[in-house]
Structure formats: C-alpha cells, structure tokens
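Q: So that you have it, the file is upload_19.txt, and it contains compact mmCIF, C-alpha atoms and all ligand atoms:
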# COMPACT_ATOMS: atom_id res chain seq x y z
CA MET W 1 -7.38 15.41 -5.45
CA LYS W 2 -4.13 14.38 -7.14
CA LEU W 3 -2.33 11.72 -5.11
CA LEU W 4 1.09 10.15 -5.50
CA VAL W 5 1.27 6.72 -3.86
CA THR W 6 4.70 5.17 -3.29
CA GLY W 7 4.44 1.40 -2.84
CA GLY W 8 0.91 1.46 -4.28
CA ALA W 9 1.42 -1.91 -5.99
CA GLY W 10 1.98 -3.60 -2.62
CA TYR W 11 -0.45 -5.24 -0.23
CA ILE W 12 -1.72 -2.26 1.78
CA GLY W 13 -0.98 0.41 -0.84
CA SER W 14 -3.07 -1.40 -3.47
CA HIS W 15 -6.12 -1.51 -1.17
CA VAL W 16 -5.73 2.21 -0.46
CA VAL W 17 -5.29 3.00 -4.18
CA LYS W 18 -8.53 1.16 -4.89
CA ALA W 19 -10.37 3.11 -2.16
CA LEU W 20 -8.94 6.39 -3.49
CA GLY W 21 -9.83 5.52 -7.09
CA LYS W 22 -13.39 4.66 -6.08
CA LYS W 23 -13.71 8.12 -4.52
CA GLY W 24 -12.70 9.68 -7.85
CA HIS W 25 -9.21 10.82 -6.88
CA GLN W 26 -6.49 10.97 -9.53
CA VAL W 27 -3.73 8.53 -8.58
CA VAL W 28 -0.14 7.93 -9.71
CA VAL W 29 1.56 4.90 -8.17
CA TYR W 30 5.37 4.98 -7.84
CA ASP W 31 6.67 1.46 -7.22
CA ASN W 32 9.74 -0.61 -8.14
CA LEU W 33 7.69 -3.86 -8.04
CA SER W 34 10.23 -5.51 -5.71
CA THR W 35 7.33 -7.00 -3.75
CA GLY W 36 4.39 -5.33 -5.51
CA HIS W 37 2.51 -6.43 -8.63
CA PRO W 38 1.26 -4.46 -11.65
CA TRP W 39 -2.13 -6.23 -11.49
CA ALA W 40 -2.63 -4.85 -8.00
CA VAL W 41 -2.85 -1.29 -9.32
CA THR W 42 -6.56 -1.15 -10.11
CA HIS W 43 -6.83 2.63 -10.52
CA GLY W 44 -4.64 5.38 -11.94
CA GLU W 45 -1.22 5.17 -13.54
CA LEU W 46 1.71 2.96 -12.50
CA VAL W 47 5.22 4.38 -12.75
CA VAL W 48 7.73 1.55 -12.32
CA ALA W 49 10.67 3.26 -10.64
CA ASP W 50 12.79 3.13 -7.51
CA LEU W 51 12.86 5.65 -4.67
CA ALA W 52 16.64 5.41 -4.94
CA ASP W 53 16.36 7.19 -8.30
CA ARG W 54 16.16 10.79 -7.08
CA GLU W 55 16.00 12.32 -10.55
CA ARG W 56 13.09 10.14 -11.63
CA LEU W 57 11.28 10.73 -8.37
CA GLU W 58 11.62 14.48 -8.63
CA GLY W 59 10.62 14.36 -12.30
CA VAL W 60 7.40 12.49 -11.47
CA LEU W 61 6.58 14.85 -8.58
CA ALA W 62 7.31 17.95 -10.67
CA ALA W 63 5.16 16.74 -13.57
CA PHE W 64 2.21 15.47 -11.49
CA ARG W 65 2.23 18.04 -8.64
CA PRO W 66 0.17 15.95 -6.21
CA ASP W 67 -1.89 17.50 -3.42
CA VAL W 68 -0.87 14.66 -1.11
CA VAL W 69 1.78 11.93 -1.16
CA LEU W 70 1.00 8.59 0.51
CA HIS W 71 4.26 6.82 1.34
CA PHE W 72 3.95 3.02 1.67
CA ALA W 73 7.15 1.88 -0.04
CA ALA W 74 9.39 0.20 2.54
CA LEU W 75 10.88 -3.09 3.65
CA ILE W 76 8.66 -4.66 6.28
CA ARG W 77 10.05 -7.84 7.80
CA VAL W 78 11.00 -7.64 11.44
CA GLU W 79 13.25 -10.69 11.50
CA GLU W 80 15.03 -9.77 8.26
CA SER W 81 15.69 -6.30 9.67
CA VAL W 82 17.53 -7.88 12.61
CA ARG W 83 19.74 -9.85 10.21
CA GLU W 84 20.22 -7.11 7.60
CA PRO W 85 19.82 -3.74 9.32
CA LEU W 86 21.62 -1.65 6.70
CA LYS W 87 19.16 -2.70 4.02
CA TYR W 88 16.34 -1.45 6.24
CA TYR W 89 17.94 1.88 7.11
CA ARG W 90 18.77 2.43 3.42
CA THR W 91 15.25 1.80 2.14
CA ASN W 92 13.14 3.02 5.04
CA VAL W 93 15.19 6.03 6.12
CA SER W 94 17.39 7.17 3.27
CA TYR W 95 14.73 6.71 0.56
CA THR W 96 12.21 8.51 2.77
CA LEU W 97 14.73 11.37 2.82
CA ASN W 98 14.89 11.23 -0.99
CA LEU W 99 11.11 11.57 -1.08
CA LEU W 100 10.98 14.43 1.43
CA GLU W 101 13.76 16.30 -0.39
CA ALA W 102 12.02 15.87 -3.74
CA MET W 103 8.69 16.99 -2.21
CA THR W 104 10.38 20.04 -0.70
CA ARG W 105 11.96 21.00 -4.01
CA CYS W 106 8.63 20.59 -5.82
CA GLY W 107 6.60 22.47 -3.18
CA VAL W 108 4.50 19.40 -2.24
CA ARG W 109 3.83 19.58 1.50
CA ASN W 110 1.23 16.97 2.51
CA LEU W 111 2.30 13.43 3.40
CA ILE W 112 0.57 10.35 4.80
CA TYR W 113 3.27 8.06 6.19
CA SER W 114 3.03 4.32 6.83
CA SER W 115 4.35 3.84 10.34
CA THR W 116 3.95 0.83 12.58
CA ALA W 117 3.17 -0.47 16.04
CA ALA W 118 6.78 -1.66 16.05
CA VAL W 119 7.78 1.93 17.04
CA TYR W 120 6.58 1.15 20.59
CA GLY W 121 8.75 -1.95 21.10
CA ILE W 122 7.46 -3.58 24.29
CA PRO W 123 4.79 -1.12 25.48
CA GLU W 124 4.64 -0.45 29.23
CA ARG W 125 0.88 0.18 29.19
CA LEU W 126 -1.73 -1.65 27.14
CA PRO W 127 -3.54 -0.78 25.01
CA VAL W 128 -0.75 1.57 23.91
CA ASP W 129 -1.60 5.15 22.91
CA GLU W 130 0.42 7.68 20.92
CA THR W 131 1.89 9.37 24.02
CA ALA W 132 3.84 6.20 24.91
CA PRO W 133 7.61 6.34 24.49
CA LEU W 134 8.97 5.27 21.11
CA ALA W 135 11.30 2.41 22.02
CA PRO W 136 11.67 0.01 19.08
CA ILE W 137 13.34 -3.35 19.71
CA ASN W 138 14.32 -4.10 16.11
CA PRO W 139 15.86 -2.18 13.19
CA TYR W 140 12.56 -2.21 11.28
CA GLY W 141 10.81 -0.33 14.11
CA ALA W 142 13.83 1.95 14.57
CA SER W 143 13.82 2.84 10.87
CA LYS W 144 10.16 3.90 11.13
CA VAL W 145 10.87 5.97 14.27
CA MET W 146 13.62 7.74 12.32
CA GLY W 147 11.20 8.42 9.47
CA GLU W 148 8.73 9.94 11.94
CA LYS W 149 11.47 12.03 13.60
CA ILE W 150 12.63 13.45 10.27
CA MET W 151 9.04 14.41 9.39
CA GLU W 152 8.52 15.97 12.83
CA ASP W 153 11.61 18.15 12.41
CA LEU W 154 10.67 19.14 8.86
CA ALA W 155 7.14 20.02 10.00
CA ALA W 156 8.57 22.12 12.86
CA ALA W 157 10.65 23.99 10.27
CA GLY W 158 7.46 24.75 8.36
CA GLY W 159 8.20 22.49 5.38
CA LEU W 160 5.71 19.64 5.82
CA ASN W 161 2.26 18.64 7.06
CA TYR W 162 2.00 14.93 7.78
CA VAL W 163 -0.03 12.17 9.35
CA ALA W 164 1.97 9.17 10.56
CA LEU W 165 -0.41 6.21 10.66
CA ARG W 166 0.93 3.57 13.03
CA TYR W 167 -0.56 0.35 11.70
CA PHE W 168 -0.90 -2.61 14.03
CA ASN W 169 -1.11 -6.07 12.37
CA VAL W 170 -2.71 -5.65 9.00
CA ALA W 171 -4.56 -8.68 7.64
CA GLY W 172 -7.44 -9.82 5.46
CA ALA W 173 -8.23 -8.98 1.86
CA ASP W 174 -10.35 -6.75 -0.35
CA SER W 175 -14.04 -7.51 0.18
CA GLU W 176 -14.56 -7.73 -3.60
CA GLY W 177 -11.87 -10.41 -3.87
CA GLU W 178 -9.75 -8.35 -6.27
CA LEU W 179 -6.75 -7.75 -4.00
CA GLY W 180 -4.89 -9.34 -1.11
CA GLN W 181 -1.45 -10.28 0.16
CA ALA W 182 0.69 -11.73 -2.60
CA TYR W 183 4.20 -11.70 -1.18
CA ARG W 184 6.47 -14.21 -2.87
CA ASP W 185 7.40 -15.80 0.47
CA ALA W 186 4.88 -14.68 3.04
CA THR W 187 5.91 -14.38 6.68
CA HIS W 188 2.74 -12.99 8.31
CA LEU W 189 0.97 -15.35 10.69
CA ILE W 190 -2.51 -15.48 9.12
CA THR W 191 -1.15 -15.93 5.60
CA ARG W 192 1.34 -18.59 6.71
CA ALA W 193 -1.38 -20.47 8.57
CA LEU W 194 -3.71 -20.36 5.54
CA LYS W 195 -0.96 -21.57 3.22
CA THR W 196 -0.24 -24.42 5.62
CA ALA W 197 -3.95 -25.32 5.69
CA ALA W 198 -3.87 -25.34 1.88
CA GLY W 199 -0.97 -27.82 1.94
CA GLU W 200 1.64 -25.37 0.62
CA SER W 201 3.77 -25.93 3.75
CA PRO W 202 4.04 -29.14 5.77
CA ARG W 203 3.52 -27.35 9.11
CA LEU W 204 3.11 -23.96 10.76
CA TYR W 205 5.84 -22.98 13.18
CA VAL W 206 4.68 -21.16 16.31
CA TYR W 207 7.52 -18.92 17.43
CA GLY W 208 7.70 -19.05 21.22
CA THR W 209 5.26 -20.43 23.78
CA ASP W 210 7.02 -19.06 26.89
CA TYR W 211 5.91 -15.42 26.69
CA ASP W 212 4.23 -13.80 29.69
CA THR W 213 0.76 -14.04 28.14
CA PRO W 214 -2.26 -16.22 29.09
CA ASP W 215 -1.35 -19.03 26.64
CA GLY W 216 2.37 -18.26 26.32
CA THR W 217 2.20 -17.05 22.70
CA CYS W 218 2.43 -13.47 21.38
CA ILE W 219 -0.65 -11.27 21.19
CA ARG W 220 -1.36 -8.90 18.29
CA ASP W 221 -4.13 -6.47 17.29
CA TYR W 222 -5.21 -7.60 13.79
CA ILE W 223 -6.85 -4.88 11.68
CA HIS W 224 -8.68 -5.60 8.41
CA VAL W 225 -6.94 -3.99 5.45
CA ASP W 226 -10.18 -2.34 4.22
CA ASP W 227 -10.62 -0.64 7.61
CA LEU W 228 -7.02 0.51 7.35
CA ALA W 229 -7.70 1.85 3.84
CA SER W 230 -10.63 3.88 5.15
CA ALA W 231 -8.36 5.26 7.91
CA HIS W 232 -6.14 6.66 5.14
CA LEU W 233 -9.06 8.46 3.53
CA CYS W 234 -10.11 9.91 6.89
CA ALA W 235 -6.53 10.94 7.70
CA MET W 236 -6.10 12.57 4.30
CA GLU W 237 -9.28 14.62 4.66
CA TYR W 238 -8.15 15.71 8.14
CA LEU W 239 -4.69 16.67 6.90
CA VAL W 240 -5.94 18.70 3.95
CA ALA W 241 -8.64 20.43 6.02
CA THR W 242 -6.47 21.34 9.05
CA GLY W 243 -2.83 21.21 7.93
CA ARG W 244 -2.07 19.70 11.35
CA SER W 245 0.61 17.03 11.76
CA VAL W 246 -0.15 14.09 14.00
CA ALA W 247 0.63 10.42 14.68
CA LEU W 248 -2.37 8.06 14.87
CA ASN W 249 -2.62 4.41 15.93
CA CYS W 250 -4.60 2.12 13.63
CA GLY W 251 -5.95 -0.95 15.40
CA TYR W 252 -9.09 -2.27 17.09
CA GLY W 253 -8.00 -2.16 20.72
CA HIS W 254 -7.95 -5.87 21.48
CA GLY W 255 -5.62 -8.68 20.58
CA TYR W 256 -5.46 -12.38 19.78
CA SER W 257 -2.72 -14.84 20.65
CA VAL W 258 -0.92 -16.89 18.02
CA ARG W 259 -2.78 -19.96 19.29
CA GLU W 260 -6.15 -18.18 18.95
CA VAL W 261 -5.30 -17.21 15.38
CA VAL W 262 -4.32 -20.82 14.60
CA GLU W 263 -7.65 -22.07 15.95
CA THR W 264 -9.58 -19.47 13.92
CA VAL W 265 -7.76 -20.50 10.73
CA ARG W 266 -8.52 -24.17 11.49
CA LYS W 267 -12.20 -23.29 12.00
CA VAL W 268 -12.50 -21.19 8.83
CA THR W 269 -10.66 -23.65 6.58
CA GLY W 270 -11.92 -26.82 8.23
CA VAL W 271 -8.35 -28.16 8.10
CA ASP W 272 -6.57 -29.40 11.23
CA PHE W 273 -3.12 -28.53 9.89
CA PRO W 274 0.05 -29.50 11.79
CA VAL W 275 1.69 -26.97 14.09
CA GLU W 276 5.18 -27.16 15.55
CA GLU W 277 6.03 -25.01 18.55
CA ILE W 278 9.62 -23.78 18.36
CA TYR W 279 11.92 -21.08 19.76
CA ARG W 280 11.11 -17.36 19.81
CA ARG W 281 11.60 -15.32 16.64
CA ALA W 282 14.14 -12.49 16.95
CA GLY W 283 12.67 -9.01 17.38
CA ASP W 284 9.17 -10.06 18.50
CA SER W 285 7.33 -8.10 21.18
CA PRO W 286 5.10 -10.20 23.52
CA VAL W 287 1.91 -8.09 23.37
CA VAL W 288 1.01 -5.19 21.06
CA VAL W 289 -2.53 -3.79 21.21
CA ALA W 290 -3.64 -0.33 20.03
CA ASP W 291 -5.54 2.45 21.70
CA SER W 292 -7.00 4.10 18.59
CA THR W 293 -9.11 6.71 20.38
CA ARG W 294 -7.11 9.52 18.79
CA LEU W 295 -7.71 8.23 15.25
CA LYS W 296 -11.45 8.00 15.92
CA GLU W 297 -11.73 11.37 17.65
CA THR W 298 -9.54 13.36 15.26
CA THR W 299 -10.69 11.94 11.96
CA GLY W 300 -14.11 10.38 12.63
CA TRP W 301 -12.85 6.93 11.54
CA SER W 302 -14.93 3.95 12.59
CA PRO W 303 -14.07 0.32 11.80
CA ARG W 304 -16.45 -2.02 9.97
CA HIS W 305 -14.66 -5.38 10.14
CA ASP W 306 -13.56 -5.76 13.76
CA ASP W 307 -13.94 -9.54 13.75
CA LEU W 308 -11.03 -12.00 13.54
CA GLU W 309 -13.13 -14.66 11.85
CA PHE W 310 -14.24 -12.20 9.15
CA ILE W 311 -10.61 -11.16 8.61
CA VAL W 312 -9.44 -14.78 8.29
CA ARG W 313 -12.39 -15.62 6.02
CA SER W 314 -11.55 -12.77 3.63
CA ALA W 315 -7.88 -13.81 3.58
CA HIS W 316 -8.91 -17.42 2.97
CA LEU W 317 -11.05 -16.48 -0.04
CA TRP W 318 -8.15 -14.46 -1.39
CA GLU W 319 -5.68 -17.36 -0.94
CA GLN W 320 -8.06 -19.59 -2.93
CA ARG W 321 -8.21 -17.02 -5.75
CA LEU W 322 -4.45 -16.60 -5.70
CA ALA W 323 -3.94 -20.38 -5.98
CA THR W 324 -6.29 -20.49 -9.02
CA ARG W 325 -4.50 -17.52 -10.57
CA VAL W 326 -1.07 -19.16 -10.13
CA ALA W 327 -2.36 -22.54 -11.37
CA GLY W 328 -3.89 -20.87 -14.43
CA ARG W 329 -0.62 -19.28 -15.57
N1 LIG G 401 1.82 -5.41 6.58
C1 LIG G 401 1.74 -4.98 7.83
O1 LIG G 401 1.21 -5.68 8.71
C2 LIG G 401 2.28 -3.62 8.18
C3 LIG G 401 2.18 -3.21 9.51
C4 LIG G 401 2.66 -1.95 9.86
C5 LIG G 401 3.19 -1.11 8.90
N2 LIG G 401 3.29 -1.52 7.61
C6 LIG G 401 3.85 -0.58 6.62
O2 LIG G 401 2.96 -0.46 5.53
C7 LIG G 401 3.68 -0.20 4.34
C8 LIG G 401 3.22 -1.16 3.24
O3 LIG G 401 3.43 -2.48 3.66
P1 LIG G 401 2.87 -3.73 2.85
O4 LIG G 401 2.53 -4.77 3.83
O5 LIG G 401 1.86 -3.29 1.88
O6 LIG G 401 4.20 -4.20 2.10
P2 LIG G 401 4.46 -4.53 0.55
O7 LIG G 401 5.83 -5.12 0.48
O8 LIG G 401 3.34 -5.30 -0.03
O9 LIG G 401 4.45 -3.09 -0.10
C9 LIG G 401 5.59 -2.28 -0.27
C10 LIG G 401 5.60 -1.75 -1.69
O10 LIG G 401 6.70 -0.86 -1.84
C11 LIG G 401 7.42 -1.18 -3.03
N3 LIG G 401 8.81 -0.78 -2.82
C12 LIG G 401 9.68 -1.30 -1.92
N4 LIG G 401 10.87 -0.67 -2.01
C13 LIG G 401 10.74 0.29 -2.97
C14 LIG G 401 11.61 1.25 -3.52
N5 LIG G 401 12.89 1.35 -3.12
N6 LIG G 401 11.15 2.06 -4.49
C15 LIG G 401 9.87 1.96 -4.95
N7 LIG G 401 9.00 1.05 -4.46
C16 LIG G 401 9.43 0.23 -3.49
C17 LIG G 401 7.23 -2.68 -3.23
O11 LIG G 401 7.39 -3.11 -4.56
C18 LIG G 401 5.78 -2.86 -2.73
O12 LIG G 401 4.85 -2.71 -3.79
C19 LIG G 401 5.15 -0.31 4.69
O13 LIG G 401 5.68 1.00 4.85
C20 LIG G 401 5.15 -1.07 6.01
O14 LIG G 401 6.25 -0.72 6.81
C21 LIG G 401 2.85 -2.77 7.22
O1 LIG G 402 4.75 -18.44 10.85
C1 LIG G 402 4.56 -17.66 11.80
C2 LIG G 402 4.44 -16.26 11.64
C3 LIG G 402 4.27 -15.48 12.76
N1 LIG G 402 4.21 -16.02 14.00
C4 LIG G 402 4.00 -15.16 15.16
O2 LIG G 402 2.80 -14.44 14.97
C5 LIG G 402 2.90 -13.13 15.50
C6 LIG G 402 2.60 -12.11 14.42
O3 LIG G 402 3.65 -12.16 13.46
P1 LIG G 402 3.55 -11.47 12.02
O4 LIG G 402 4.80 -11.81 11.29
O5 LIG G 402 2.25 -11.81 11.39
O6 LIG G 402 3.51 -9.92 12.36
P2 LIG G 402 4.50 -9.03 13.25
O7 LIG G 402 3.75 -8.72 14.51
O8 LIG G 402 5.83 -9.61 13.38
O9 LIG G 402 4.74 -7.75 12.33
C7 LIG G 402 3.73 -7.07 11.61
O10 LIG G 402 3.22 -6.01 12.34
C8 LIG G 402 4.20 -5.15 12.84
C9 LIG G 402 3.47 -4.13 13.65
O11 LIG G 402 3.14 -4.69 14.89
C10 LIG G 402 5.09 -4.60 11.71
O12 LIG G 402 4.60 -3.39 11.21
C11 LIG G 402 5.40 -5.56 10.59
O13 LIG G 402 5.64 -4.90 9.36
C12 LIG G 402 4.33 -6.54 10.31
O14 LIG G 402 4.92 -7.58 9.59
C13 LIG G 402 4.32 -13.02 16.06
O15 LIG G 402 4.28 -13.29 17.41
C14 LIG G 402 5.09 -14.14 15.35
O16 LIG G 402 6.16 -14.64 16.08
C15 LIG G 402 4.32 -17.38 14.18
O17 LIG G 402 4.28 -17.88 15.30
N2 LIG G 402 4.49 -18.17 13.08
Can you give me the file's structure in the form of structure tokens?
Ligand SMILES: NC(=O)c1ccc[n+]([C@@H]2O[C@H](COP(=O)([O-])OP(=O)(O)OC[C@H]3O[C@@H](n4cnc5c(N)ncnc54)[C@H](O)[C@@H]3O)[C@@H](O)[C@H]2O)c1
Ligand SMILES: O=c1ccn([C@@H]2O[C@H](COP(=O)(O)OP(=O)(O)O[C@H]3O[C@H](CO)[C@H](O)[C@H](O)[C@H]3O)[C@@H](O)[C@H]2O)c(=O)[nH]1
A:
Amino acid sequence: MKLLVTGGAGYIGSHVVKALGKKGHQVVVYDNLSTGHPWAVTHGELVVADLADRERLEGVLAAFRPDVVLHFAALIRVEESVREPLKYYRTNVSYTLNLLEAMTRCGVRNLIYSSTAAVYGIPERLPVDETAPLAPINPYGASKVMGEKIMEDLAAAGGLNYVALRYFNVAGADSEGELGQAYRDATHLITRALKTAAGESPRLYVYGTDYDTPDGTCIRDYIHVDDLASAHLCAMEYLVATGRSVALNCGYGHGYSVREVVETVRKVTGVDFPVEEIYRRAGDSPVVVADSTRLKETTGWSPRHDDLEFIVRSAHLWEQRLATRVAGR
C-alpha cells in the first residue's frame, strides 16, 4: 500500500515506518524535523515540511494519493501543555484539521491517529477500557480528545474511516539498535533515568511520592515501541479490510510505579544513580493502566515484549549507541 506518515521522523513514527518498509509498503514521511531526525527515516521518502503549510500538505497528498495516512505529528509533553496550552491546541488540533481537510479534498479517507491514554485523565476503573469517559486533566490530553471528536464527526458524515490508537507509555527501542528516542531534552521517565545512570544528569527527580498508590509514586503501563509498531500494522489491515472506525487502547494491562522503574534501570545499568524525591509534576494522573482486550480481539494483535526489564535493556542499548553517535560527530 501507499502510506503517508506525518511525524515519521520522530520516535514512534520512525519505528512504524521501519515496520511498514519491511513489509514492502511504499512510504512518504511528512515531517518538519522539529523533534524528528532525517536519519530516523530508514525507509521511503522524507518530505521536510510543516503541517501548518496547507498548500504543501495538499500538494503532497494529491501527488502521492496514499491508501492510508498515519498521523503521528504532534506536541507530546504533558507539563509543557499545561504551561503553553495554545501551542498544543494549534499543533494537535488545528494542524490535524489541516490534514483532514487536505485528505477530504484529495479523496483520501483512511487514517490511523496517534491518540493517548491521557484522554482518560484519572480513570475511575482500572484497567481502563475504551468505554470509559474521556476526561483529560491537561491540555495535551484535551487536544487529543478534540482530534478524536473531529474524526468521529467526520466519519459520521461519511468522509473518513479511522482508527484512533490510544497509546499508553511508549518506551524501549528498535530491537536491531537502529532507532530509539532521540529528543533533544528528554522528559520521559525511562530515558531520564538512563541518562542519569550514564552521568548526563546529576540526579533523577521523582515527581511526587504522596499519590494513593502502594509506594506513593505514579503507576504507568509501559509498552515496547516495537509492539506498538506492530499494533499499527494490525490496525491498518483491520481498517482497510472493514472500513470500520474505532478507538483502541495500546498497552499491556499492568503497570509499574516510578520507584519500580528506577530500580529496574539501576539493575539493568548496574549504576546506583542518585534520586531526589520532589513535588508532584503538573498534569500527572496517579495510575494509568490499559485494558487492551479490544485491540487484541478486533485486530488479532499480540505483544511480544511485555517485560519491563527487556524494555529498559533495549532503551539502555540505544542510549549507549546514541552517546557514541554524538561523541563521534
Ligand atoms: N511517546 C509517548 O509515550 C506517547 C504516548 C501516547 C501518545 N503519543 C503520540 O504519539 C505521537 C508520536 O509521538 P513521539 O513520541 O514519536 O514524538 P516525537 O516528537 O518523536 O514525534 C513527533 C514528530 O512529529 C514532527 N512534527 C511535530 N510538529 C510537526 C508539524 N507541525 N509538522 C510536521 N511535523 C511535525 C516532529 O518533528 C517529530 O518527528 C504523537 O502524536 C504523540 O501524541 C506518544
Ligand atoms: O524525570 C522524571 C520523569 C517522569 N517522572 C514520572 O514518571 C511517570 C511517567 O512520566 P513520563 O513523562 O515518562 O510519561 P507520562 O505518563 O507523563 O506521559 C506519556 O504518556 C502519556 C500517556 O499516558 C502521554 O501520551 C505522553 O505523551 C507521554 O509523554 C510520571 O508519573 C512522572 O511524573 C518522574 O518522576 N521523573
């Protein structure tokens, strides 16, 4: 198939592009490289352009005529979204509108959308399934709910078929060591902990130890990025075969506390790095764990790397490669 991937030079998009390329699909990546990297595009063509540029976007869609668009491009930091909400609504909502309008004009009707567990806010029942109310507690989550709502309305009007994949906490790196997280200033827990173990930061801050959880720190459902990539392939096959629109959780169904993650990173790296426990971070939900039964039953997806130590190990190997790459420049 012909696939247009927005944000395909980023962390998750690049892993999905690799999986798509390996399956023989024809890929065009559309990315402004604000956080992505050209080296991360291992298959297909890279168009360096912004979703704000409606003319360029429509031109690329009209020329390529993809069977499916996979839409990763977005801003992703919860805390930043609390401080700078307009930036988030602009990129995550208004540029999604640009994409949907351009797709509509070009007659492209299939979309895989990167949504998030943050749409659930503080879930009432755990693990949370897709029937739970959407009640985001930060602008990032709200922007993704808006994206889903726009797609739902467009689908109801007969103009779109979509799968919204609600990712839980994505972590780890490509099993061949070619790709991984390479944000300029990483904020994700596992990456921050690994960088601290490597001596790039003096200490790891743990944000909040007074949550209503067994050890007082937040609990998250960490999913390996390669398992998430395979969920995209499954979702795409389902979408093309059935034309049915649906939202699907992507997680393993069990969570780890911040303290458990810290201990796993210490074990994997063999470094007893310093940790400082401080105040809560704005916009954080205490516990977020996925019920992914619907993803498994609708698409046949099954995870291969449901193991925190494996996830941390793969991320650790990637961090070592990244350090060599930077040092070699
Ligand atoms: N990382 C996670 O744990 C996580 C969890 C849930 C959902 N998500 C979602 O997954 C998607 C990908 O996240 P990621 O972690 O790979 O982030 P990322 O920052 O690595 O990837 C985003 C990509 O989009 C590009 N981009 C940003 N704004 C753009 C614009 N205006 N025009 C064109 N390209 C633009 C960036 O250059 C980058 O390559 C996002 O939609 C995010 O909300 C991520
Ligand atoms: O240095 C750090 C970094 C994180 N944390 C804590 O670790 C947990 C996980 O934080 P991350 O930043 O790794 O991930 P989030 O759960 O905040 O958010 C991630 O997953 C969400 C879905 O749940 C969103 O989609 C979002 O894009 C993505 O960054 C949180 O309790 C956070 O407070 C720390 O204690 N110290």
Q: Could you check which residues have any atom within 12 Å of (7.4, 13.7, 17.4), counting only C-alpha atoms with coordinates taken straight from the file, and then list them as a PyMOL selection string?
A: chain W and resi 119+130-134+144-156+162-164+245-248
Q: Let me make sure I understand: among W:Gly121, W:Lys195, W:Val261, W:Val68, which one has the smallest atom-to-atom distance to Ala182 (chain W) if we use all atoms listed in the file?
A: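 Looking at the shortest contact to Ala182 (chain W), the residue is W:Lys195.
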Q: Kindly give the distance, in Å, that separates CA of Arg83 (chain W) and CA of Asn169 (chain W), rounded to a single decimal.
A: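 Calculated distance between CA of Arg83 (chain W) and CA of Asn169 (chain W) is 21.3 Å.
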Q: Neighbouring residues of ligand LIG 402 (chain G) are defined here as those with any atom at most 8 Å from a ligand atom, counting all atoms listed in the file; list them as a PyMOL selection string.
A: chain W and resi 75-79+115-118+140-141+167-170+187-193+204-208+217-221+257-258+280-281+283-286+288
Q: Leaving out Ser81 (chain W) and any residue of its chain fewer than 5 positions from it, which residues lie within 7 Å of it when counting all atoms listed in the file, given as a list of chain:residue names?
A: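 The contact residues come out as W:Tyr88, W:Asn138, W:Pro139, W:Tyr140.
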Q: For Glu58 (chain W), work out the shell of residues within 7 Å, counting all atoms listed in the file and skipping chain neighbours fewer than 4 positions away, then give it as an mmCIF file with C-alpha atoms, keeping the file's coordinate frame.
A:
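What follows is the written file part_37.cif:
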data_model
loop_
_atom_site.group_PDB
_atom_site.id
_atom_site.type_symbol
_atom_site.label_atom_id
_atom_site.label_comp_id
_atom_site.auth_asym_id
_atom_site.auth_seq_id
_atom_site.Cartn_x
_atom_site.Cartn_y
_atom_site.Cartn_z
ATOM 1 C CA ARG W 54 16.160 10.790 -7.080
ATOM 2 C CA ALA W 62 7.310 17.950 -10.670
ATOM 3 C CA ALA W 102 12.020 15.870 -3.740
#
